[in-house]
Structure formats: C-alpha cells, structure tokens
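Participant: Structure incoming, see below.
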Amino acid sequence: MSRKDEDFSENLKILIRYIKSSNSYKAEHFYNYWKHRGLLNDITVDWIILEPEVKMYILEFIAEDEDKIQIWSKQNPDKIKNESELIQEKFQQAQIKENLKKTSEHIKKTIPSIDFSKDLFEHTPLLSYYSQDTSLKDTFRGKFLLIIMHFLRDLIPFVEALKSLGLEMKKSYFFYKDYPYTIKDEIIEYLIQQEAIVDDYNNLEVHLDNLQNSEILNEDEIIIIEDGGFIVPMIHNKYVNLIPNVIGAVEQTTRGIFNAKTWEESKAGNKLKFPLISVATCDFKTEFEPRYIADAVINNLNKMVSHIGFGGMKVAVLGFGTIGRKVAKRLKMLGVNVEIYDPKPTRMLRAAIKGYKVYDLASQACKNKDFVIGASGYNAIESDVIRNLDFNSYIVSTSSEQYEIDLNELNRLKRDSEPLMNSETNERIGTIYYLAPDKRKINVIADGYPINFWHSESMPKQASDVILSLLLLCAIELTKKKALKPGINREIADKIAEEHKLARNFLTLWKMQN
C-alpha cells in the first residue's frame, strides 16, 4: 500500500468514528450499509480493498460533509486524539480533493444503476391499484414503520405503494434475515438510496433502543409489519416505553402469531397492549397461498436435486397443515411414495382418509426414507428424528427461519461436514453432515432454511401481489384507529379483504394483464 493510501486509511478511521457518532439519517444509512458489507473495522480500514460502491458513498459523504467532519474532529479530541490535525490537513489539500472528485465521477460511471423494472408495478397490478387511491394518499405520512420482510424483488413495489400513500422513507426501518436471497444486496442498496434505515434483523435491539431513547420519535405513531414475530414480543419485553406510540402490527406468518401467543402465555398477566392483525391465519391467505408455496417448494427441490431426482423415492412429510398437505399432494402426483406424521389427531385422520400412510411418531415416519420434509412450523426434525435417519437421506425445511431442523443437534453429532453440491450444475445446495458414531451421512438441503427461498423468489408474482396487497390494506386499517382490540385479531383480515374486494379485483386485474 502506498503512503497516500495509508494516509487515506487513517482518514477513513476518523470518518467512520464521525459517522458512528452522528445523529443524521444519512450517516446512519451509510454506516449500516458499510457494516452490512463487512468492510468496517475500527482498527484498520484499507481504502484499496473497499468495494467501489462503498468508495462512492464515502467520497460523496466527504464532499458534502467535510466541514462537519472537521468541526467534529475539533470538538472530540478525546475520541480521535491527534488525528484531527491529520484529517484537516489531508482533506484540505487541493490535489487530494481533485483526485477524490475525479475518482467519484469515475466510479459513478462504472457502476450500473439498479433498474428493477421500468415499471415498478409491472408484476403487481393489485398493489398499484390500491396505492393509487387518492383518498388514502397521506395515510402513512408522519408515521414510523418497522418492517421485517423477505428481501425479494416484490418488496420494491410494496415499498413504492407505501410511499404513494405518504410513507417518509427517513422514518422507515427495514430489517432483513440471513436467507440467501437472490438480490438481497441490490435491495439493500435500493432502500438505502431511498434514505431508509436498513439493517440485519439481529440488530433489532440497537434500533429499538435508539428509538426509545431519542427525541426523533416524539409523539409520532409506529406501525409494525413483520414476518416471524420478532418485534412485537421484543417491544413488550424490553421497550415498553414505545408501546404508547405503537398503533398496531400486522403479522403474515403463523410462526409470528405463535411467538406472540408464547409471550402472552409465558407469564401470568401478559397481554398484548396493541392490536396485532393476523394475516397468517385468515381464511383468505390459508386458502390462497399454500398451493403457490408448495409449487415453489417442489420446483426448487426438483432443481436442486436434479442430479438424483426424487421421483419414485420414499418421502416423509412431517406436518399436514396447509403447506404440508399441498406439498404431499404435489409429491404424490409426481409418483413419490409419501408418508405422513402430524401431532394433531385431526390432521392425521385427514391424511389417512386421503390415502396416506400415517405414523404415531415422527421418529417412526422418518425411518427408511430418502427424503424427510419438515412442514410443521416448529422443530419437527429434532434429535429423535435425526438419530433415526437413514444413511445418505436428505432433509428439507419448508418453514420460515431455520426452525424446522435442529441444526444444533446436527452440529453436536457432527464428526465432519462438507458442502452439498449438485453434480450436474456444480452449485452448492446445502451441507453434508457426517454424524457420530459411524459417520452416517445426512444431507441438509438449503442449510435448513426454507427451500422455497434458497436463491429463489419463493412464489409466483401473482401470489405475492395478493398477499402484499392484503398486508398493505391491513396496515391502512390500523391508521383508521377503529375499535380494534389489543391482542391478536384473527378475523379482521378477512373482513378487510372482503371490504376492499380483494379477490374480485385480483381476478379482474390479472385477467386484464394476462
């Protein structure tokens, strides 16, 4: 590294410290972006190794905030010691400024702008329809939105719909999960460019703490839209001062509703203090969505194991709920020998009536199977199941997060592991575990993540359009402040769908488009 680059790295240390201490939205966006890329380090920051996108943000930030950085340097000698003189000297040198300007212009020319679609609503006409309601144009103005959703392509039109109805992106918090989404980085960059706050959902507490202890919230209202039930229990547990500001939440997964119920049942007197609209359990979603998820599961599984296929193989499906039923049906149509376990007797009865062989225990169902598919929504593939898996069997999850498979148990039993590859495409599709005591080989597809999200968009666009539109309409309902009771509201989502003619509008708009 040249002396100039070493000097610039020293400047970057100070710049990062300034950004970390700044209360400005822009500083927070940049810091979260760099942190997400894993390129920030308080001890050493090398300009040479930074990605071009990061360099562009840094250069633009320096150009716009140079005076503020210098003032901050002078006011915080205890934080930067003698480095304030260095930053003033370097940033004021005309030659360096000119080089920065040229470099910034060059980077801007070489980095292609993100273009998700010329028409952001091209594949979501229903979202577009509801976002153009002029009577709702200021619905979300002045409100803070805390959002945990999948960072898939359809998130962009959902955000644009919120913006059309008044959402201020500076008051929007978007949290992404650890899933291997196909274009997660591009979506993160898009949201940051829109001035939203973007971060890993594992850092939720940092942002809730900032909100609770800052003055930026004032009396503004908060709406929560989430997938998985993370924010609602956390606010009730640790951030109760935020509760008066929260007008409600919308949850789209059964796991999220389960987490809310678990919190209520964890201690006597626990009751949710604001409305939680359950899209997850409404009739509209449970009747409409499962077949699309099942299609995505089977299509992705077919693609990932194309080197072996699964036609004619023996498969256990653990969980015969809305998703498990559809997955089992699709597999059966493909000539797969499907057998079922579910802890609920009524579901077992339904499976038996439909002609499936059923088992009293999951550990029995998984024996002598080529594939074991978890579709329960809880930890179905646990220690007893794992200990009864056949050599070279494949295990798959269709549930949200990594709940379905006990990865801790696999790691405790692991003697060795290696990447699971598709020998035809040479793509990594998961992990092979060799378990004690005999190095029994177990193949975990998609590393325990829901297989429909593994480098995939999960569902057909028409299905996403409907569900996202329902989430939008439920969030709108919260702003009306009608007599929604605190706690889990199970029936209101169906009433909202009916009131807004969701099914009829979907059929009309998609018929027109197709």
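Identifiers in the structure tokens: chain A, B, ... in order shown; residue index from 1 per chain; ligand index from 1 in order shown.
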Could you give me, as an MDAnalysis selection string, each residue of range 330-469 of chain A that DSSP assigns to alpha helix (DSSP H) when run on this structure's backbone?

Facilitator: chainID A and resid 330:333 345:353 362:365 383:387 407:413 461:469

Participant: Tell me, as a PyMOL selection string, which residues lie within 12 Å of Met313 in chain A, counting only C-alpha atoms; anything in the same chain fewer than 4 positions away does not count.

Facilitator: chain A and resi 308-309+331-332+334-339+368-372+393-394

Participant: So how far away is CA of Pro157 in chain A from CA of Ile183 in chain A, in Å?

Facilitator: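 Distance between the two atoms: 14.7 Å.
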
Participant: Step one, run DSSP on the backbone; step two, keep only residues of range 132-251 of chain A assigned to strand (DSSP E); then write them as a list in words.

Facilitator: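 Here are the strand (DSSP E) residues of range 132-251 of chain A: Phe144, Leu145, Leu146, Ile147, Ile148, Ser172, Tyr173, Phe174, Phe175, Tyr176, Ile197, Val198, Asp199, Asp200, Ile222, Ile223, Ile224, Ile225, Glu226, Val246, Ile247, Gly248, Ala249, Val250 and Glu251 of chain A.
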
Participant: Find the residue from A:Glu401, A:Glu418, A:Asp185, A:Asp178 that sits nearest to Gly256 in chain A; use only C-alpha atoms when measuring.

Facilitator: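 Answer, going by the shortest atom-to-atom distance: A:Glu401.
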
Participant: Select, from A:Ala380, A:Val232, A:Ala294, A:Leu136, the residue with the minimum atom-to-atom distance to Glu477 in chain A, counting only C-alpha atoms.

Facilitator: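 Using only C-alpha atoms, Glu477 in chain A sits closest to A:Leu136.
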